[in-house]
file entry32.txt (compact mmCIF, C-alpha atoms (C1' of nucleotides))
# COMPACT_ATOMS: atom_id res chain seq x y z
CA MET A 1 -30.04 21.31 4.77
CA LYS A 2 -27.41 23.70 6.02
CA GLU A 3 -28.19 22.65 9.60
CA ILE A 4 -26.54 19.33 8.80
CA VAL A 5 -23.23 21.16 8.41
CA THR A 6 -23.57 23.38 11.47
CA GLY A 7 -24.79 20.36 13.41
CA PHE A 8 -21.74 18.39 12.34
CA LEU A 9 -19.38 21.16 13.42
CA ASN A 10 -21.24 21.82 16.66
CA SER A 11 -20.89 18.17 17.59
CA ILE A 12 -17.12 18.57 17.33
CA HIS A 13 -16.90 21.84 19.22
CA PRO A 14 -19.69 24.33 20.00
CA LEU A 15 -19.83 27.28 17.59
CA SER A 16 -20.71 30.78 18.68
CA GLN A 17 -23.98 32.28 17.44
CA GLY A 18 -22.25 34.77 15.16
CA LEU A 19 -19.99 32.21 13.59
CA GLN A 20 -22.86 29.84 13.07
CA GLN A 21 -24.95 32.49 11.35
CA GLU A 22 -22.14 33.73 9.16
CA LEU A 23 -21.25 30.20 8.12
CA TYR A 24 -24.88 29.59 7.34
CA GLN A 25 -24.87 32.57 4.96
CA LEU A 26 -21.72 31.42 3.22
CA LEU A 27 -22.67 27.82 2.48
CA LYS A 28 -23.54 27.27 -1.18
CA GLU A 29 -25.17 24.26 -2.76
CA VAL A 30 -23.93 22.30 -5.74
CA ASN A 31 -25.45 19.26 -7.40
CA LEU A 32 -23.49 16.70 -9.38
CA LYS A 33 -24.66 14.11 -11.85
CA LYS A 34 -23.23 10.63 -11.83
CA LYS A 35 -19.70 10.62 -13.29
CA GLN A 36 -19.50 14.39 -13.16
CA VAL A 37 -16.01 15.63 -12.28
CA TYR A 38 -16.00 17.99 -9.27
CA LEU A 39 -12.29 18.65 -9.12
CA ARG A 40 -9.89 18.18 -12.00
CA GLU A 41 -6.20 17.31 -11.73
CA GLY A 42 -4.08 20.44 -12.07
CA THR A 43 -6.69 22.81 -10.68
CA VAL A 44 -6.53 24.13 -7.14
CA SER A 45 -8.96 22.58 -4.70
CA ASP A 46 -10.40 25.89 -3.48
CA LYS A 47 -13.64 24.68 -1.95
CA ILE A 48 -14.18 22.69 1.21
CA SER A 49 -17.33 20.69 0.69
CA PHE A 50 -19.68 18.75 2.86
CA VAL A 51 -21.48 15.82 1.28
CA ILE A 52 -25.21 16.02 1.96
CA SER A 53 -26.10 13.02 -0.18
CA GLY A 54 -24.48 10.75 -2.73
CA LEU A 55 -21.07 9.15 -3.13
CA LEU A 56 -17.85 10.50 -4.64
CA ARG A 57 -14.34 9.23 -5.11
CA SER A 58 -10.96 10.87 -5.42
CA TYR A 59 -8.45 9.32 -7.79
CA THR A 60 -5.18 9.90 -9.58
CA VAL A 61 -4.21 8.96 -13.11
CA ASP A 62 -0.64 7.89 -13.83
CA ASN A 63 1.26 8.52 -17.04
CA GLU A 64 0.03 5.25 -18.55
CA GLY A 65 -3.54 6.34 -17.90
CA LYS A 66 -4.10 3.92 -15.04
CA GLU A 67 -6.45 5.19 -12.34
CA THR A 68 -5.85 4.80 -8.63
CA THR A 69 -8.81 5.52 -6.37
CA CYS A 70 -7.68 7.32 -3.22
CA TRP A 71 -10.88 7.19 -1.23
CA PHE A 72 -14.67 7.39 -1.25
CA MET A 73 -16.66 10.23 0.28
CA LYS A 74 -20.29 9.79 1.24
CA GLU A 75 -23.03 11.75 2.96
CA GLY A 76 -21.70 13.23 6.21
CA ASP A 77 -18.12 13.46 4.93
CA VAL A 78 -16.04 16.55 4.29
CA THR A 79 -14.22 16.51 0.96
CA ILE A 80 -11.19 18.37 -0.30
CA SER A 81 -8.04 17.40 -2.13
CA VAL A 82 -5.92 17.51 1.00
CA LYS A 83 -2.57 18.75 -0.23
CA SER A 84 -4.07 21.03 -2.86
CA PHE A 85 -6.48 22.71 -0.46
CA PHE A 86 -4.06 23.18 2.43
CA GLU A 87 -1.17 24.33 0.29
CA HIS A 88 -3.28 26.08 -2.28
CA SER A 89 -1.47 24.25 -5.04
CA PRO A 90 -2.64 22.36 -8.15
CA SER A 91 -4.31 19.09 -7.30
CA ALA A 92 -2.72 15.74 -8.15
CA GLU A 93 -6.11 14.11 -7.95
CA TYR A 94 -9.56 14.20 -9.45
CA ILE A 95 -12.77 14.13 -7.45
CA GLU A 96 -15.88 12.85 -9.20
CA ALA A 97 -19.38 11.71 -8.37
CA ILE A 98 -20.09 7.99 -8.35
CA GLU A 99 -23.73 8.64 -7.51
CA PRO A 100 -25.72 11.86 -8.03
CA CYS A 101 -24.61 14.18 -5.23
CA THR A 102 -25.65 17.23 -3.31
CA LEU A 103 -22.84 19.16 -1.64
CA LEU A 104 -22.56 22.32 0.42
CA TYR A 105 -19.31 24.24 0.27
CA ILE A 106 -17.47 27.37 1.25
CA THR A 107 -14.32 28.61 -0.45
CA TYR A 108 -10.78 28.55 0.83
CA TYR A 109 -10.86 32.34 1.29
CA GLU A 110 -14.14 32.28 3.16
CA LEU A 111 -12.70 29.66 5.48
CA GLU A 112 -9.57 31.75 6.05
CA MET A 113 -11.77 34.73 6.79
CA LEU A 114 -13.74 32.72 9.35
CA TYR A 115 -10.51 31.58 11.02
CA LYS A 116 -9.41 35.21 11.31
CA LYS A 117 -12.73 36.66 12.38
CA TYR A 118 -13.61 33.88 14.81
CA PRO A 119 -10.38 32.58 16.39
CA GLU A 120 -12.37 29.85 18.22
CA PHE A 121 -13.00 28.37 14.79
CA ASN A 122 -9.37 27.30 14.73
CA VAL A 123 -10.22 24.83 17.46
CA VAL A 124 -12.90 23.31 15.26
CA GLY A 125 -10.56 23.35 12.29
CA ARG A 126 -7.82 21.64 14.24
CA LEU A 127 -10.16 18.94 15.52
CA VAL A 128 -11.64 18.27 12.07
CA VAL A 129 -8.19 17.99 10.53
CA GLN A 130 -7.09 15.69 13.36
CA LYS A 131 -10.11 13.50 12.77
CA TYR A 132 -9.48 13.14 9.05
CA TYR A 133 -5.77 12.62 9.62
CA VAL A 134 -6.57 9.66 11.87
CA LEU A 135 -8.95 8.23 9.26
CA SER A 136 -6.28 8.60 6.60
CA GLU A 137 -3.76 6.74 8.74
CA GLU A 138 -6.26 3.98 9.35
CA ARG A 139 -6.76 3.55 5.62
CA LEU A 140 -3.03 3.39 5.13
CA ALA A 141 -2.75 0.70 7.80
CA GLY A 142 -5.50 -1.24 6.07
CA ILE A 143 -3.52 -1.45 2.86
CA ARG A 144 0.11 -1.54 3.81
CA ASN A 145 1.80 -4.93 4.01
CA LYS A 146 -1.41 -6.84 3.35
CA LYS A 147 -2.40 -9.39 0.75
CA ALA A 148 -5.27 -8.75 -1.61
CA GLU A 149 -7.61 -10.92 0.41
CA GLU A 150 -6.77 -9.28 3.72
CA ARG A 151 -7.30 -5.83 2.25
CA TYR A 152 -10.65 -6.78 0.89
CA ALA A 153 -11.71 -8.45 4.13
CA LEU A 154 -10.68 -5.38 6.11
CA LEU A 155 -12.52 -2.97 3.85
CA MET A 156 -15.57 -5.19 4.07
CA LYS A 157 -15.35 -5.06 7.85
CA THR A 158 -14.66 -1.35 8.27
CA HIS A 159 -16.65 0.08 5.34
CA PRO A 160 -19.23 -2.43 4.15
CA GLU A 161 -21.40 0.35 2.71
CA ILE A 162 -18.60 1.39 0.36
CA ILE A 163 -18.34 -2.16 -0.97
CA GLN A 164 -22.08 -2.11 -1.57
CA ARG A 165 -22.19 1.21 -3.33
CA ALA A 166 -18.97 1.52 -5.32
CA PRO A 167 -18.34 -0.33 -8.62
CA VAL A 168 -15.86 -3.20 -8.43
CA GLN A 169 -13.32 -1.47 -10.65
CA TYR A 170 -13.05 1.46 -8.24
CA LEU A 171 -12.83 -0.81 -5.22
CA ALA A 172 -10.05 -2.74 -6.94
CA SER A 173 -8.10 0.39 -7.76
CA TYR A 174 -8.54 1.59 -4.18
CA LEU A 175 -7.28 -1.72 -2.80
CA GLY A 176 -4.37 -1.71 -5.20
CA ILE A 177 -5.32 -4.96 -6.86
CA ASP A 178 -6.47 -5.85 -10.36
CA LYS A 179 -10.21 -5.92 -11.00
CA ALA A 180 -9.88 -9.51 -12.21
CA THR A 181 -8.23 -10.49 -8.93
CA LEU A 182 -10.94 -8.74 -6.92
CA SER A 183 -13.61 -10.43 -8.99
CA ARG A 184 -12.08 -13.81 -8.14
CA LEU A 185 -11.87 -12.91 -4.46
CA LYS A 186 -15.52 -11.97 -4.43
CA SER A 187 -16.62 -15.25 -6.02
CA LYS A 188 -14.55 -17.06 -3.39
CA TRP A 189 -16.90 -15.62 -0.72
CA MET B 190 18.30 23.35 22.33
CA LYS B 191 14.75 24.37 23.15
CA GLU B 192 15.05 27.27 20.72
CA ILE B 193 14.94 24.68 17.93
CA VAL B 194 11.37 23.87 18.94
CA THR B 195 10.20 27.43 19.40
CA GLY B 196 11.94 28.34 16.15
CA PHE B 197 10.15 25.53 14.36
CA LEU B 198 6.77 26.66 15.66
CA ASN B 199 7.48 30.33 15.03
CA SER B 200 8.27 29.56 11.42
CA ILE B 201 4.78 28.10 11.07
CA HIS B 202 2.98 30.92 12.84
CA PRO B 203 4.42 33.57 15.18
CA LEU B 204 4.00 32.75 18.87
CA SER B 205 3.29 35.40 21.51
CA GLN B 206 6.00 36.12 24.08
CA GLY B 207 4.02 34.55 26.91
CA LEU B 208 3.27 31.39 25.02
CA GLN B 209 6.84 31.07 23.91
CA GLN B 210 8.16 31.42 27.46
CA GLU B 211 5.66 29.04 28.95
CA LEU B 212 6.36 26.46 26.28
CA TYR B 213 10.04 26.88 26.94
CA GLN B 214 9.49 26.03 30.62
CA LEU B 215 7.44 22.97 29.82
CA LEU B 216 9.77 21.28 27.34
CA LYS B 217 11.58 18.30 28.85
CA GLU B 218 14.51 16.38 27.42
CA VAL B 219 14.78 12.65 26.95
CA ASN B 220 17.62 10.60 25.52
CA LEU B 221 17.21 7.21 23.91
CA LYS B 222 19.76 4.54 23.17
CA LYS B 223 19.72 2.66 19.91
CA LYS B 224 16.85 0.12 19.86
CA GLN B 225 15.28 1.64 22.93
CA VAL B 226 11.49 1.62 22.79
CA TYR B 227 9.95 5.07 23.32
CA LEU B 228 6.30 4.09 22.98
CA ARG B 229 4.92 0.60 23.48
CA GLU B 230 1.86 -0.88 21.83
CA GLY B 231 -1.12 -0.71 24.17
CA THR B 232 0.06 2.35 26.06
CA VAL B 233 -1.36 5.80 25.41
CA SER B 234 0.87 8.14 23.43
CA ASP B 235 0.69 11.00 25.94
CA LYS B 236 3.73 13.01 24.87
CA ILE B 237 4.23 15.07 21.78
CA SER B 238 7.92 15.00 21.02
CA PHE B 239 10.27 16.94 18.83
CA VAL B 240 13.32 15.10 17.52
CA ILE B 241 16.47 17.13 18.16
CA SER B 242 18.83 14.47 16.87
CA GLY B 243 18.76 10.82 15.83
CA LEU B 244 16.35 8.60 13.95
CA LEU B 245 13.27 6.70 15.11
CA ARG B 246 10.67 4.51 13.52
CA SER B 247 7.08 3.65 14.31
CA TYR B 248 5.90 0.13 13.62
CA THR B 249 3.14 -2.35 14.28
CA VAL B 250 3.40 -6.06 15.01
CA ASP B 251 0.71 -8.38 13.69
CA ASN B 252 -0.54 -11.55 15.38
CA GLU B 253 2.11 -13.65 13.63
CA GLY B 254 4.80 -11.36 15.01
CA LYS B 255 5.54 -9.70 11.68
CA GLU B 256 6.62 -6.07 11.93
CA THR B 257 5.39 -3.32 9.65
CA THR B 258 7.29 -0.06 9.80
CA CYS B 259 4.90 2.90 9.53
CA TRP B 260 7.40 5.69 9.14
CA PHE B 261 10.76 7.14 10.14
CA MET B 262 11.20 10.29 12.23
CA LYS B 263 14.44 12.24 12.19
CA GLU B 264 15.81 15.50 13.59
CA GLY B 265 13.35 18.31 12.95
CA ASP B 266 10.30 16.03 13.01
CA VAL B 267 7.45 15.93 15.48
CA THR B 268 6.55 12.46 16.68
CA ILE B 269 3.41 10.99 18.21
CA SER B 270 1.33 7.92 17.60
CA VAL B 271 -1.32 9.82 15.69
CA LYS B 272 -4.53 8.05 16.63
CA SER B 273 -3.41 7.28 20.15
CA PHE B 274 -2.38 10.85 20.93
CA PHE B 275 -5.38 12.57 19.39
CA GLU B 276 -7.93 10.15 20.76
CA HIS B 277 -6.09 9.47 23.96
CA SER B 278 -6.45 5.75 23.37
CA PRO B 279 -3.99 2.81 23.56
CA SER B 280 -1.50 2.86 20.73
CA ALA B 281 -1.51 0.24 17.98
CA GLU B 282 2.09 1.01 17.23
CA TYR B 283 5.51 1.06 18.79
CA ILE B 284 8.01 3.89 18.46
CA GLU B 285 11.67 3.05 18.91
CA ALA B 286 15.07 4.58 18.30
CA ILE B 287 17.05 3.39 15.30
CA GLU B 288 19.91 5.69 16.23
CA PRO B 289 20.67 7.25 19.63
CA CYS B 290 18.20 10.13 19.97
CA THR B 291 17.60 13.32 21.85
CA LEU B 292 13.99 14.46 22.06
CA LEU B 293 12.13 17.33 23.66
CA TYR B 294 8.53 16.77 24.66
CA ILE B 295 5.51 18.16 26.42
CA THR B 296 2.59 16.07 27.64
CA TYR B 297 -0.90 15.83 26.18
CA TYR B 298 -2.30 17.74 29.17
CA GLU B 299 0.28 20.48 28.91
CA LEU B 300 -0.59 20.88 25.25
CA GLU B 301 -4.31 21.03 26.06
CA MET B 302 -3.55 23.64 28.69
CA LEU B 303 -1.62 25.73 26.16
CA TYR B 304 -4.50 25.50 23.68
CA LYS B 305 -6.89 26.79 26.35
CA LYS B 306 -4.65 29.47 27.80
CA TYR B 307 -3.39 30.75 24.44
CA PRO B 308 -6.19 30.38 21.87
CA GLU B 309 -3.82 31.58 19.09
CA PHE B 310 -1.92 28.34 19.66
CA ASN B 311 -4.81 26.52 18.01
CA VAL B 312 -3.75 28.17 14.76
CA VAL B 313 -0.28 26.68 15.14
CA GLY B 314 -1.76 23.33 16.12
CA ARG B 315 -4.04 23.32 13.11
CA LEU B 316 -1.22 24.17 10.73
CA VAL B 317 1.12 21.55 12.16
CA VAL B 318 -1.56 18.88 11.93
CA GLN B 319 -2.33 19.96 8.36
CA LYS B 320 1.32 19.70 7.47
CA TYR B 321 1.70 16.19 8.85
CA TYR B 322 -1.59 15.11 7.32
CA VAL B 323 -0.28 16.13 3.90
CA LEU B 324 2.95 14.23 4.48
CA SER B 325 0.99 11.16 5.51
CA GLU B 326 -1.09 11.32 2.34
CA GLU B 327 2.07 11.65 0.27
CA ARG B 328 3.50 8.51 1.84
CA LEU B 329 0.26 6.68 1.12
CA ALA B 330 0.41 7.76 -2.53
CA GLY B 331 3.99 6.52 -2.71
CA ILE B 332 2.99 3.01 -1.76
CA ARG B 333 -0.49 2.46 -3.08
CA ASN B 334 -0.81 0.68 -6.40
CA LYS B 335 2.92 0.54 -7.00
CA LYS B 336 5.29 -2.32 -7.65
CA ALA B 337 8.22 -3.00 -5.33
CA GLU B 338 10.67 -1.29 -7.64
CA GLU B 339 8.56 1.84 -8.08
CA ARG B 340 8.12 2.16 -4.33
CA TYR B 341 11.81 1.88 -3.73
CA ALA B 342 12.65 4.32 -6.51
CA LEU B 343 10.15 6.84 -5.11
CA LEU B 344 11.45 6.58 -1.55
CA MET B 345 14.96 7.00 -2.90
CA LYS B 346 13.87 10.15 -4.68
CA THR B 347 11.80 11.71 -1.91
CA HIS B 348 13.74 10.55 1.17
CA PRO B 349 17.27 9.50 0.20
CA GLU B 350 18.52 10.18 3.72
CA ILE B 351 16.16 7.59 5.14
CA ILE B 352 17.49 4.98 2.74
CA GLN B 353 20.99 5.85 3.89
CA ARG B 354 20.28 5.71 7.58
CA ALA B 355 17.69 3.00 8.12
CA PRO B 356 18.54 -0.74 8.02
CA VAL B 357 17.29 -2.61 4.98
CA GLN B 358 14.88 -4.75 6.97
CA TYR B 359 13.03 -1.67 8.20
CA LEU B 360 12.97 -0.10 4.76
CA ALA B 361 11.55 -3.34 3.38
CA SER B 362 8.84 -3.52 6.01
CA TYR B 363 7.99 0.13 5.35
CA LEU B 364 7.74 -0.47 1.62
CA GLY B 365 5.62 -3.55 2.16
CA ILE B 366 8.04 -5.89 0.43
CA ASP B 367 10.18 -8.76 1.62
CA LYS B 368 13.72 -7.95 2.70
CA ALA B 369 15.02 -10.50 0.18
CA THR B 370 13.15 -8.72 -2.60
CA LEU B 371 14.52 -5.35 -1.51
CA SER B 372 18.01 -6.79 -1.34
CA ARG B 373 17.67 -7.94 -4.95
CA LEU B 374 16.34 -4.57 -6.02
CA LYS B 375 19.29 -2.84 -4.43
CA SER B 376 21.83 -5.06 -6.18
CA LYS B 377 20.05 -4.34 -9.43
CA TRP B 378 21.04 -0.66 -9.04
C1' DT C 379 -38.38 -2.61 -24.70
C1' DT C 380 -34.28 -2.96 -27.45
C1' DG C 381 -29.88 -2.44 -28.98
C1' DT C 382 -25.49 -0.51 -27.49
C1' DT C 383 -22.07 0.32 -24.28
C1' DT C 384 -19.92 -0.52 -20.05
C1' DT C 385 -18.78 -3.47 -16.41
C1' DT C 386 -17.85 -7.84 -14.50
C1' DT C 387 -16.46 -12.48 -14.71
C1' DT C 388 -13.63 -16.20 -16.21
C1' DG C 389 -9.75 -18.94 -18.29
C1' DA C 390 -4.95 -19.51 -19.66
C1' DC C 391 -0.72 -18.06 -18.86
C1' DA C 392 3.18 -14.73 -17.55
C1' DT C 393 5.30 -12.02 -14.12
C1' DT C 394 6.22 -10.53 -9.71
C1' DT C 395 7.11 -11.32 -5.24
C1' DG C 396 7.46 -14.28 -1.15
C1' DT C 397 9.50 -18.20 1.41
C1' DC C 398 13.03 -20.97 3.05
C1' DA C 399 17.66 -22.40 3.55
C1' DT C 400 22.31 -21.14 3.29
C1' DT C 401 26.23 -18.17 2.85
C1' DT C 402 28.40 -13.86 3.34
C1' DT C 403 28.92 -9.60 5.50
C1' DT C 404 28.46 -6.45 9.14
C1' DT C 405 27.95 -5.07 13.82
C1' DC C 406 29.17 -5.04 18.39
C1' DA C 407 30.40 -6.40 23.09
C1' DG C 408 34.15 -7.93 25.70
C1' DC D 409 41.26 -7.43 17.90
C1' DT D 410 38.26 -11.41 18.12
C1' DG D 411 34.39 -14.28 18.33
C1' DA D 412 29.39 -14.31 18.57
C1' DA D 413 25.24 -12.45 16.99
C1' DA D 414 22.60 -9.90 13.83
C1' DA D 415 21.77 -8.35 9.31
C1' DA D 416 22.08 -8.73 4.41
C1' DA D 417 22.62 -11.21 0.15
C1' DT D 418 21.72 -15.11 -2.75
C1' DG D 419 19.76 -19.37 -4.97
C1' DA D 420 15.92 -22.47 -5.81
C1' DC D 421 11.40 -22.84 -5.82
C1' DA D 422 6.37 -21.80 -4.54
C1' DA D 423 2.57 -18.78 -4.19
C1' DA D 424 0.17 -14.66 -5.29
C1' DT D 425 -1.23 -11.55 -8.46
C1' DG D 426 -1.26 -9.32 -13.04
C1' DT D 427 -2.23 -9.45 -18.05
C1' DC D 428 -4.76 -10.40 -22.00
C1' DA D 429 -8.63 -12.03 -24.43
C1' DA D 430 -13.15 -13.51 -24.57
C1' DA D 431 -17.72 -14.29 -22.77
C1' DA D 432 -21.45 -13.06 -19.71
C1' DA D 433 -24.00 -9.75 -17.22
C1' DA D 434 -25.54 -5.25 -16.13
C1' DA D 435 -26.46 -0.47 -17.04
C1' DC D 436 -28.11 2.93 -19.96
C1' DA D 437 -30.02 5.77 -23.65
C1' DA D 438 -33.18 6.15 -27.35

call {"tool": "encode", "arguments": {"input": "entry32.txt", "output": "structure tokens"}}
result
Amino acid sequence: MKEIVTGFLNSIHPLSQGLQQELYQLLKEVNLKKKQVYLREGTVSDKISFVISGLLRSYTVDNEGKETTCWFMKEGDVTISVKSFFEHSPSAEYIEAIEPCTLLYITYYELEMLYKKYPEFNVVGRLVVQKYYVLSEERLAGIRNKKAEERYALLMKTHPEIIQRAPVQYLASYLGIDKATLSRLKSKW
Amino acid sequence: MKEIVTGFLNSIHPLSQGLQQELYQLLKEVNLKKKQVYLREGTVSDKISFVISGLLRSYTVDNEGKETTCWFMKEGDVTISVKSFFEHSPSAEYIEAIEPCTLLYITYYELEMLYKKYPEFNVVGRLVVQKYYVLSEERLAGIRNKKAEERYALLMKTHPEIIQRAPVQYLASYLGIDKATLSRLKSKW
DNA sequence: TTGTTTTTTTGACATTTGTCATTTTTTCAG
DNA sequence: CTGAAAAAATGACAAATGTCAAAAAAACAA
């Protein structure tokens, strides 16, 4: 299972033998049940996790209790609460399992240690961050200045599997539209 | 002037003497007049630029000719078209000067060369990308699932200087609301 | 399976925001 | 400074979307 992670990283930038072996030792497994919270608002996101199987979402809750889904993470994705992990500060968002999940993770400190011990790893780190930054910007572009229908159509086009797997209420809160509106859009197509 | 750039990078992570000197040699100056386009849609963003003075914006134009402002870059900011620069692909967005600007830049290839020649520079690169990734996520959170008034109030709170300096039409297109709606919001306060 | 709970859909209506046309204000070149 | 052009504000109305309540459907636990 751990080869999936090293394979993923190797495909971005080749890892040295030592780094690969040490990373292999550090990776720990965690399993989540459906609806289980993996990261709670207010706690520091101190693990960087790789999704082996399942589906998760990150979301925020405003002062009226309304949830806003930030994004969905599925097998093959890396998951952290971005600001919390990088700045080592309390998270503004929750991360929870939508489907039963298996994850592999290392801690923030282990990652820092790898960056120090294997300077080449910074190249990998930089490229992974770049990749996720681009994806984040693409999501932003898919929401900004668009009507409900356009947003839905775009998500359908770019991430059809998410539409299949995530409950309507989470899709709606991701798209920034009411679940009733999304329900009507769906019946229109 | 170039010390502003090396100072900025040093504050993120100390640069070696050699790196600092070589970077210093590579930095080139460019001046933009108001409304001058710095990056055009369809061209590759092949410079990474540091804003010494002035204000710019990035924006996209949809097939009906409607502009959507992505963000504003002012003195002290680094500016690239994120996806285009990192993936070395044609840009989906324009970058243009809102105020007369002075920028310092190095090219994509020069940056790649620095990453190779000075591996420590990858640490800086990673941290800078992390920083801008966090800022991008914060902007997303400030727009998603919010009403026009909340978006405006939040931008006012987090970036009052942008509201002062950018024309209403650009602020409106950034916030994803009509300029007439924004005008009414403003008069309300 | 069965009853309970959660999620989704739907209808009626309210609210927000956009559109268009026009006026007012501001900017800017000469 | 002055006139032309661009930007911003405003009014009237239309369109999009949200809200609330209820019904239907689906998911889930015992």

call {"tool": "residues_near_point", "arguments": {"input": "entry32.txt", "point": "(-1.1, 23.0, -0.3)", "cutoff": "12 Å", "atoms": "all atoms listed in the file", "output": "MDAnalysis selection string"}}
result
(chainID A and resid 43:46 80:92 108) or (chainID B and resid 316 319:324 326:327)

call {"tool": "write_last_selection", "arguments": {"input": "entry32.txt", "atoms": "C-alpha atoms", "output": "mmCIF file, in the coordinates of the input"}}
result
data_model
loop_
_atom_site.group_PDB
_atom_site.id
_atom_site.type_symbol
_atom_site.label_atom_id
_atom_site.label_comp_id
_atom_site.auth_asym_id
_atom_site.auth_seq_id
_atom_site.Cartn_x
_atom_site.Cartn_y
_atom_site.Cartn_z
ATOM 1 C CA THR A 43 -6.690 22.810 -10.680
ATOM 2 C CA VAL A 44 -6.530 24.130 -7.140
ATOM 3 C CA SER A 45 -8.960 22.580 -4.700
ATOM 4 C CA ASP A 46 -10.400 25.890 -3.480
ATOM 5 C CA ILE A 80 -11.190 18.370 -0.300
ATOM 6 C CA SER A 81 -8.040 17.400 -2.130
ATOM 7 C CA VAL A 82 -5.920 17.510 1.000
ATOM 8 C CA LYS A 83 -2.570 18.750 -0.230
ATOM 9 C CA SER A 84 -4.070 21.030 -2.860
ATOM 10 C CA PHE A 85 -6.480 22.710 -0.460
ATOM 11 C CA PHE A 86 -4.060 23.180 2.430
ATOM 12 C CA GLU A 87 -1.170 24.330 0.290
ATOM 13 C CA HIS A 88 -3.280 26.080 -2.280
ATOM 14 C CA SER A 89 -1.470 24.250 -5.040
ATOM 15 C CA PRO A 90 -2.640 22.360 -8.150
ATOM 16 C CA SER A 91 -4.310 19.090 -7.300
ATOM 17 C CA ALA A 92 -2.720 15.740 -8.150
ATOM 18 C CA TYR A 108 -10.780 28.550 0.830
ATOM 19 C CA LEU B 316 -1.220 24.170 10.730
ATOM 20 C CA GLN B 319 -2.330 19.960 8.360
ATOM 21 C CA LYS B 320 1.320 19.700 7.470
ATOM 22 C CA TYR B 321 1.700 16.190 8.850
ATOM 23 C CA TYR B 322 -1.590 15.110 7.320
ATOM 24 C CA VAL B 323 -0.280 16.130 3.900
ATOM 25 C CA LEU B 324 2.950 14.230 4.480
ATOM 26 C CA GLU B 326 -1.090 11.320 2.340
ATOM 27 C CA GLU B 327 2.070 11.650 0.270
#

call {"tool": "interface_residues", "arguments": {"input": "entry32.txt", "of": "chain C", "to": "chain B", "cutoff": "12 Å", "atoms": "all atoms listed in the file", "output": "PyMOL selection string"}}
result
chain C and resi 393-398+404-405

call {"tool": "closest_atom_pairs", "arguments": {"input": "entry32.txt", "of": "chain D", "to": "chain A", "cutoff": "10 Å", "atoms": "all atoms listed in the file", "output": "Markdown table"}}
result
| residue | atom | partner | partner_atom | distance |
| --- | --- | --- | --- | --- |
| D:DA424 | C1' | A:Lys147 | CA | 8.4 |
| D:DT425 | C1' | A:Thr181 | CA | 7.1 |
| D:DG426 | C1' | A:Asp178 | CA | 6.8 |
| D:DT427 | C1' | A:Asp178 | CA | 9.5 |

call {"tool": "closest_residue", "arguments": {"input": "entry32.txt", "among": "B:Ala330, B:Ile237, B:Ala355, B:Cys290", "to": "Thr60 (chain A)", "atoms": "only C-alpha atoms"}}
result
B:Ala330

call {"tool": "residues_around", "arguments": {"input": "entry32.txt", "residues": "Thr102 (chain A)", "least_positions_apart": "5", "cutoff": "7 Å", "atoms": "all atoms listed in the file", "output": "list in words"}}
result
Val30, Asn31, Leu32, Val51, Ile52, Ser53 and Gly54 of chain A

call {"tool": "residues_around", "arguments": {"input": "entry32.txt", "residues": "DC428 (chain D)", "least_positions_apart": "4", "cutoff": "12 Å", "atoms": "all atoms listed in the file", "output": "list in words"}}
result
Ala180 of chain A; DG389, DA390, DC391 and DA392 of chain C

call {"tool": "closest_residue", "arguments": {"input": "entry32.txt", "among": "A:Tyr115, A:Tyr170, A:Tyr24, A:Tyr38", "to": "chain B", "atoms": "all atoms listed in the file"}}
result
A:Tyr115

call {"tool": "closest_residue", "arguments": {"input": "entry32.txt", "among": "B:Leu208, B:Leu371, B:Ile332, B:Leu343", "to": "chain A", "atoms": "only C-alpha atoms"}}
result
B:Ile332

call {"tool": "atom_distance", "arguments": {"input": "entry32.txt", "atom1": "CA of Ser187 (chain A)", "atom2": "CA of Glu99 (chain A)"}}
result
25.0 Å

call {"tool": "atom_distance", "arguments": {"input": "entry32.txt", "atom1": "CA of Lys236 (chain B)", "atom2": "CA of Ile295 (chain B)"}}
result
5.7 Å

call {"tool": "atom_distance", "arguments": {"input": "entry32.txt", "atom1": "C1' of DT380 (chain C)", "atom2": "C1' of DA435 (chain D)"}}
result
13.3 Å

call {"tool": "closest_residue", "arguments": {"input": "entry32.txt", "among": "A:Ile4, A:Leu103, A:Ile95, A:Val168", "to": "DT386 (chain C)", "atoms": "only C-alpha atoms (C1' of nucleotides)"}}
result
A:Val168

call {"tool": "closest_residue", "arguments": {"input": "entry32.txt", "among": "A:Gly176, A:Gly76, A:Gly142, A:Pro14", "to": "chain B", "atoms": "all atoms listed in the file"}}
result
A:Gly176

call {"tool": "residues_near_point", "arguments": {"input": "entry32.txt", "point": "(-20.7, -16.8, -21.2)", "cutoff": "12 Å", "atoms": "all atoms listed in the file", "output": "PyMOL selection string"}}
result
(chain C and resi 386-389) or (chain D and resi 430-433)
